[in-house]
Amino acid sequence: TRVSSFRMYSSLFATTTDDDNHKEGEKEEKTAIDDMSLAFDNAVLGRYACTRFRRYKEQEISQTEEKAKGKKTTAAAALSNPSVIQKSVECVELARRAPSGFNSQPYRILLVSNPQVKEEMAKYCLGRNADRVRDCDCTAIFLADRECGRDWKRFKKFLNSTKKRSKKQMDKRVRRKIQSLVLLFSSGLPLPRWLAVPISFLARLFVVTLSALTNRKLLVPTLSSAETWSTKNTMLVAMSYMLGCTSRGLSTCPMEGYNAGGIR
């Protein structure tokens with residue numbers, strides 16, 4: 001009797017322990033989710049836009065000296081902090097996880113930290129933007145790819161790597177379908193600009209006309225220009241980059257007011 005009672009007690013104890021472990025696991029999971037939510041909220045709410053940089057002193061020249069020289073002298077580009085550059089690279093790797101249409105990733109990211117290059121960039125930035133480029137540790141340039149159809153080999157390589165991870169076969173027909181959808185939605189036709197632009201415009205016009213004539217009973221997708229489609233996908237990456245910087249204690253400032261041709 002004692003043995004039987006002991007066995008029953010042990011069984012009940014084990015069952016109770018499993019329930020406790022399950023509850024503890026749920027609590028730990030909920031705590032982890034709350035911590036992740038709090039960390040994301042802090043990154044969003046704590047993002048500080050550096051409207052002005054004051055870390056590096058500008059050259060102090062009196063008005064008399066300025067008049068004598070006939071021009072205003074500005075400070076040279078500052079040296080960059082290697083630890084900030086390393087964190088910026090980590091943020092770029094994180095931002096690459098941002099979503100994009102068909103996961104085509106129609107963008108390029110350049111990080112500029114060399115003082116000479118920053119000085120050259122500052123020449124094509126208006127107003128205080130020039131000082132921001134000179135004084136910051138690192139400037140991130142997000143380039144939207146308006147002709148992502150030309151980079152099909154890279155996307156095909158990505159699809160093949162996805163197939164290896166998922167262990168699913170992707171035949172040529174499926175790849176052709178994905179390629180066609182990317183070209184349709186992105187308007188990034190692998191053609192010369194003078195030919196791709198009117199073809200893209202006619203395709204969008206046809207879709208809009210068809211939708212209007214059928215009173216939207218025939219559902220067709222809304223198409224965008226190549227610039228609009230690539231830019232909106234790139235902005236998701238840019239925002240992910242800025243939030244990643246905030247979570248690492250770095251301040252960022254998105255800039256308007258520069259000459260794109262000169263930057264190129």
# chains A, B, ... in the order shown; residues from 1 in each chain; ligands from 1

call {"tool": "residues_around", "arguments": {"residues": "range 252-259 of chain A", "least_positions_apart": "3", "cutoff": "10 Å", "atoms": "only C-alpha atoms", "output": "VMD selection string"}}
result
chain A and resid 47 to 52 121 to 130 132 to 133 136 138 to 140 238 to 239 241 to 243 245 to 246 249 262 to 264

call {"tool": "residues_around", "arguments": {"residues": "Val207 in chain A", "least_positions_apart": "6", "cutoff": "12 Å", "atoms": "only C-alpha atoms", "output": "PyMOL selection string"}}
result
chain A and resi 184-185+200-201+213-214+216+218-224

call {"tool": "select_by_dssp", "arguments": {"residues": "range 98-261 of chain A", "states": "strand (DSSP E)", "output": "MDAnalysis selection string"}}
result
chainID A and resid 107:112 139:144

call {"tool": "select_by_dssp", "arguments": {"residues": "range 145-244 of chain A", "states": "helix (DSSP H, G or I)", "output": "VMD selection string"}}
result
chain A and resid 148 to 166 172 to 186 193 to 213 226 to 244

call {"tool": "atom_distance", "arguments": {"atom1": "CA of Val117 in chain A", "atom2": "CA of Ala95 in chain A"}}
result
23.6 Å

call {"tool": "closest_residue", "arguments": {"among": "A:Ser113, A:Gln179, A:Arg204, A:Ser247", "to": "Asp41 in chain A", "atoms": "only C-alpha atoms"}}
result
A:Ser247

call {"tool": "residues_around", "arguments": {"residues": "Pro99 in chain A", "least_positions_apart": "3", "cutoff": "12 Å", "atoms": "only C-alpha atoms", "output": "ChimeraX atom specification"}}
result
/A:94-96,102-107,232-240

call {"tool": "closest_residue", "arguments": {"among": "A:Ile141, A:Cys91, A:Met36, A:Ala98", "to": "Val112 in chain A", "atoms": "only C-alpha atoms"}}
result
A:Ile141
